[in-house]
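In what follows, a structure is listed as C-alpha cells, so that the remarks can point back to it.
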Amino acid sequence: MRISFSDPAERSETEPRARELSKIAGLMRITLALTLMLLAIWLIGDVLAVIFASALVAVVLHGLARMLRRHVPVIPYQGAVALVTVAILVAMIGLGWSSGPSISDQFIRLKQALITQSGELRSHLSGSTIGQMVLDHLPSSLGGNAPGTGGLGSLGSGLAGSVTGLLSSVFGILGTLLVVLIAGLYFALSPAVYIDGMIRLVPTQHRPAARELMLTAGSTLWAWTAGQALDMLVVGILSGVGLSLIGVPLALALGVVAGLCNFIPYIGAILGAVPAVLLGLSLGTHEGLFVAILYCVIQFFEGNVLAPLIQRRAVHMPPAMAILSQTVFGSILGAPGLILASPITAALLAMGDKATAPLEDENQTRRDVGEVTEEEEKQQK
C-alpha cells in the first residue's frame with residue numbers, strides 16, 4: 001500500500017494536474033515519434049522501399065513454403081523455402097529458355113513501334129491549335145514541350161537516397177533487384193529472427209500487441225499478393241487473347257505489359273492500355289477504337305466480377321484510398337512508391353483495423369449520410 005505524508009487536500013489538487021501533464025507528455029511522445037518517422041521516410045525513403053520490397057518477397061516465399069508444408073509436413077521449414085525458391089528459379093529459367101527469345105523480340109519491336117507511333121501522334125497534335133496547346137502543357141518526359149520538373153521523385157532524394165543511387169549506378173536495376181531477392185530470401189529463411197528484433201524495440205507491455213500487428217500485416221500482404229497475382233494473370237491472358245483476335249501485332253508482349261501494369265491498381269490499367277491503343281491506331285481508327293473498348297470491358301470485368309471474388313479471400317481496399325496512397329507514396333518515393341503503394345496501404349489498413357475497436361453499429365454512418373435507408377437495410381437483411 002502506497003503511503004503519502006502530504007496533505008489530502010494538496011494531493012487532490014496535484015493528482016489531476018499530474019494526470020493532465022502525463023497525457024500531454026504522452027501526446028508529445030506520439031507527435032515526436034510520428035515526426036521522426038516522417039523525417040526518416042523523407043531522408044531514407046529509397047532504402048525503405050528496397051527493404052519493403054524485400055519483405056514482400058519474403059512474404060511470398062513464406063506463404064508458398066507454408067502451403068507446401070501443409071501438404072508435406074515432413075519437410076522442415078527452411079527446406080520448404082529452399083524448394084520453393086528452386087522451383088521458382090527453374091520455372092523462370094524454363095520460361096526464358098522456351099519463350100524468352102520470342103518475348104524479347106516482341107518487346108524490341110514493341111518499343112520501336114511505340115516510338116514511331118508517338119512521333120506520328122506528336123506530328124498530328126502539332127497540326128492543330130488544341131493539339132499544340134496539349135503539347136505545350138505536357139511534360140517533356142511524356143513527349144510534350146513543357147520543361148520537366150522534379151515530379152514524383154524529388155521528395156525521395158534525401159540523405160540515404162545516395163545509397164540506392166550508388167547501388168543503381170554501380171549495379172543497375174538488375175543489381176538492385178538482386179539485392180531485393182537475396183534479402184527477401186534471408187528474411188524468409190528466418191522470419192522469427194527479424195520479427196523478434198523489431199519487437200525488442202517496443203516497450204515490454206506493448207510487445208504482445210506489436211507481435212500480433214506484425215503477424216496481421218504479414219498475413220495481409222500474403223493475401224494481397226496472392227490475389228493480385230491471380231488478377232494480373234487473368235488480365236494479361238484476356239488482353240493478349242483479345243488483341244490477337246482484333247489483329248493487333250505484338251499481342252503477346254502487350255498482354256504481358258497489361259498484366260504487369262495491373263500490379264498497380266487503377267493507374268496501372270491506363271498504363272497498360274496506352275501502348276495497345278497506340279498500336280491499334282496504327283492499323284486504323286476502328287482498330288484503335290476496338291482496342292479501347294476491349295480494355296474497358298476487361299477492366300469492367302476485373303473491377304466488378306474478378307476483384308470482388310478475390311477480395312473475399314484477400315483484402316478489401318477502398319478505391320479512393322488506393323488512388324490517394326499511390327499519389328502520396330509516389331510523391332515521397334518516386335516510381336518505387338507508386339508500385340509499392342497498394343501493398344503498403346493494405347498492410348497499414350489491416351494493422352489499423354486490428355489495433356482499433358470495431359464500431360457498435362457499422363451501418364449508422366451509412367444511414368446518417370443517406371447512403372442507405374432503414375427500409376433498404378431491412379430488405380438487405
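Identifiers in this document derive from the order of the C-alpha cells: chains are assigned A, B, ..., residues are numbered from 1 separately in each chain, and ligands are numbered from 1 in order of occurrence.
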Write out as CSV a residue-level contact list of stretch 183-258 of chain A versus stretch 270-278 of chain A with cut-off 7 Å: for each qualifying residue the closest pair of atoms and the distance in Å to one decimal, counting only C-alpha atoms, rows sorted by chain and residue number upward.
```
residue,atom,partner,partner_atom,distance
A:Leu254,CA,A:Ala276,CA,6.3
A:Val257,CA,A:Gly272,CA,5.8
A:Ala258,CA,A:Gly272,CA,4.3
```
Can those selected residues be exported to a file as an mmCIF file, in the first residue's frame so that it contains C-alpha atoms?
```cif
data_model
loop_
_atom_site.group_PDB
_atom_site.id
_atom_site.type_symbol
_atom_site.label_atom_id
_atom_site.label_comp_id
_atom_site.auth_asym_id
_atom_site.auth_seq_id
_atom_site.Cartn_x
_atom_site.Cartn_y
_atom_site.Cartn_z
ATOM 1 C CA LEU A 254 1.090 -6.222 -74.942
ATOM 2 C CA VAL A 257 2.587 -5.404 -70.267
ATOM 3 C CA ALA A 258 -1.115 -5.244 -69.327
#
```
Worksheet entry | Pick from A:Thr176, A:Gln326, A:Gln299, A:Thr345 nearest to A:Ala217, counting only C-alpha atoms |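 Answer, going by the shortest atom-to-atom distance: A:Thr345.
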Item to complete: Might you pull out every residue within 10 Å of stretch 303-306 of chain A, with only C-alpha atoms counted and same-chain residues fewer than 3 positions away left off, and present them as a VMD selection string?
Response: chain A and resid 227 230 to 231 234 to 235 265 to 266 297 to 300 309 to 311
Practice prompt. Write out as a count of residues only which residues come within 10 Å of A:Ser190 when counting only C-alpha atoms, dropping same-chain ones fewer than 3 positions away.
Written response: 11
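By chain and then residue number, the residues within 10 Å of A:Gly63 are Val57, Ala58, Val59, Val60, Leu61, Ala65, Arg66, Met67, Leu68, Arg69, Val81, Val84, Ala188, Gly218, Ser219, Leu221, Trp222, Ala223, Thr225 and Ala226 of chain A, counting only C-alpha atoms and disregarding those fewer than 2 positions away in sequence.
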Output file for the selection above: N, CA and C atoms, as a PDB file, in the first residue's frame:
```
ATOM      1  N   VAL A  57       8.896  -9.905 -50.941  1.00  0.00           N
ATOM      2  CA  VAL A  57       9.414 -11.162 -51.494  1.00  0.00           C
ATOM      3  C   VAL A  57       9.437 -12.238 -50.417  1.00  0.00           C
ATOM      4  N   ALA A  58       9.855 -11.859 -49.209  1.00  0.00           N
ATOM      5  CA  ALA A  58       9.890 -12.827 -48.110  1.00  0.00           C
ATOM      6  C   ALA A  58       8.496 -13.337 -47.769  1.00  0.00           C
ATOM      7  N   VAL A  59       7.505 -12.461 -47.806  1.00  0.00           N
ATOM      8  CA  VAL A  59       6.124 -12.877 -47.522  1.00  0.00           C
ATOM      9  C   VAL A  59       5.649 -13.896 -48.548  1.00  0.00           C
ATOM     10  N   VAL A  60       5.992 -13.679 -49.827  1.00  0.00           N
ATOM     11  CA  VAL A  60       5.596 -14.626 -50.879  1.00  0.00           C
ATOM     12  C   VAL A  60       6.257 -15.978 -50.663  1.00  0.00           C
ATOM     13  N   LEU A  61       7.568 -15.994 -50.420  1.00  0.00           N
ATOM     14  CA  LEU A  61       8.275 -17.259 -50.198  1.00  0.00           C
ATOM     15  C   LEU A  61       7.764 -17.957 -48.937  1.00  0.00           C
ATOM     16  N   ALA A  65       5.959 -21.558 -48.880  1.00  0.00           N
ATOM     17  CA  ALA A  65       6.574 -22.615 -48.065  1.00  0.00           C
ATOM     18  C   ALA A  65       5.566 -23.200 -47.080  1.00  0.00           C
ATOM     19  N   ARG A  66       4.727 -22.372 -46.498  1.00  0.00           N
ATOM     20  CA  ARG A  66       3.707 -22.877 -45.581  1.00  0.00           C
ATOM     21  C   ARG A  66       2.669 -23.715 -46.319  1.00  0.00           C
ATOM     22  N   MET A  67       2.333 -23.331 -47.535  1.00  0.00           N
ATOM     23  CA  MET A  67       1.419 -24.153 -48.330  1.00  0.00           C
ATOM     24  C   MET A  67       2.029 -25.517 -48.616  1.00  0.00           C
ATOM     25  N   LEU A  68       3.314 -25.539 -48.939  1.00  0.00           N
ATOM     26  CA  LEU A  68       3.994 -26.806 -49.199  1.00  0.00           C
ATOM     27  C   LEU A  68       4.040 -27.673 -47.952  1.00  0.00           C
ATOM     28  N   ARG A  69       4.330 -27.081 -46.803  1.00  0.00           N
ATOM     29  CA  ARG A  69       4.388 -27.848 -45.555  1.00  0.00           C
ATOM     30  C   ARG A  69       3.008 -28.330 -45.119  1.00  0.00           C
ATOM     31  N   VAL A  81      11.290 -23.560 -47.866  1.00  0.00           N
ATOM     32  CA  VAL A  81      11.642 -22.284 -48.502  1.00  0.00           C
ATOM     33  C   VAL A  81      12.637 -22.509 -49.634  1.00  0.00           C
ATOM     34  N   VAL A  84      10.843 -24.127 -52.627  1.00  0.00           N
ATOM     35  CA  VAL A  84      10.015 -23.140 -53.317  1.00  0.00           C
ATOM     36  C   VAL A  84      10.879 -22.199 -54.149  1.00  0.00           C
ATOM     37  N   ALA A 188      12.927 -14.677 -45.465  1.00  0.00           N
ATOM     38  CA  ALA A 188      12.001 -15.820 -45.475  1.00  0.00           C
ATOM     39  C   ALA A 188      12.579 -17.031 -44.758  1.00  0.00           C
ATOM     40  N   GLY A 218       1.746  -9.291 -42.062  1.00  0.00           N
ATOM     41  CA  GLY A 218       2.305 -10.333 -42.918  1.00  0.00           C
ATOM     42  C   GLY A 218       1.229 -11.152 -43.616  1.00  0.00           C
ATOM     43  N   SER A 219       0.209 -11.564 -42.872  1.00  0.00           N
ATOM     44  CA  SER A 219      -0.868 -12.347 -43.487  1.00  0.00           C
ATOM     45  C   SER A 219      -1.648 -11.519 -44.500  1.00  0.00           C
ATOM     46  N   LEU A 221      -0.393  -9.025 -46.351  1.00  0.00           N
ATOM     47  CA  LEU A 221       0.453  -8.907 -47.540  1.00  0.00           C
ATOM     48  C   LEU A 221       0.417 -10.183 -48.369  1.00  0.00           C
ATOM     49  N   TRP A 222       0.416 -11.335 -47.714  1.00  0.00           N
ATOM     50  CA  TRP A 222       0.345 -12.599 -48.442  1.00  0.00           C
ATOM     51  C   TRP A 222      -0.985 -12.712 -49.183  1.00  0.00           C
ATOM     52  N   ALA A 223      -2.093 -12.385 -48.514  1.00  0.00           N
ATOM     53  CA  ALA A 223      -3.404 -12.449 -49.167  1.00  0.00           C
ATOM     54  C   ALA A 223      -3.483 -11.462 -50.323  1.00  0.00           C
ATOM     55  N   THR A 225      -0.953 -10.209 -52.126  1.00  0.00           N
ATOM     56  CA  THR A 225      -0.066 -10.623 -53.210  1.00  0.00           C
ATOM     57  C   THR A 225      -0.651 -11.791 -53.992  1.00  0.00           C
ATOM     58  N   ALA A 226      -1.201 -12.782 -53.293  1.00  0.00           N
ATOM     59  CA  ALA A 226      -1.800 -13.926 -53.980  1.00  0.00           C
ATOM     60  C   ALA A 226      -2.987 -13.479 -54.836  1.00  0.00           C
TER      61      ALA A 226
END
```
Item to complete: Find the distance between atom CA of A:Leu39 and atom CA of A:Ile332 and write it in Å to one decimal.
Response: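 Straight-line distance from atom CA of A:Leu39 to atom CA of A:Ile332 works out to 11.0 Å.
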Item to complete: Have a look at atom CA of A:Gly119 and atom CA of A:Leu281 and let me know their distance in Å, one decimal.
Response: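 Here the two named atoms are 13.0 Å from each other.
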Worksheet, complete the sentence: Among A:Leu189, A:Ala33, A:Leu250, A:Ile130, A:Pro76 is approached most closely, using only C-alpha atoms, by A:Leu189
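One finds atom CA of A:Ala341 at 24.4 Å from atom CA of A:Leu32.
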Item to complete: Extract, using only C-alpha atoms, all DNA, RNA and protein residues at most 9 Å from A:Ile339, discarding same-chain residues fewer than 4 positions from it, and format them as an NGL selection string.
Response: :A and (263-264 or 326 or 329-330 or 334-335 or 343)
Fill in: Distance criterion (only C-alpha atoms): nearest to A:Val328 out of A:Ile293, A:Trp42, A:Arg29, A:Gly352
A:Trp42
Item to complete: For each of A:Ala18, A:Leu289, A:Leu181, A:Leu34, take the minimum atom-to-atom distance to A:Leu89, counting only C-alpha atoms, then give the residue where this is smallest.
Response: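 Of A:Ala18, A:Leu289, A:Leu181, A:Leu34, the one nearest A:Leu89, counting only C-alpha atoms, is A:Leu181.
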Worksheet entry | Using only C-alpha atoms: which of A:Gly280, A:Leu359, A:Lys23, A:Ala253 has the shortest distance to A:Ser104 |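 Answer, going by the shortest atom-to-atom distance: A:Ala253.
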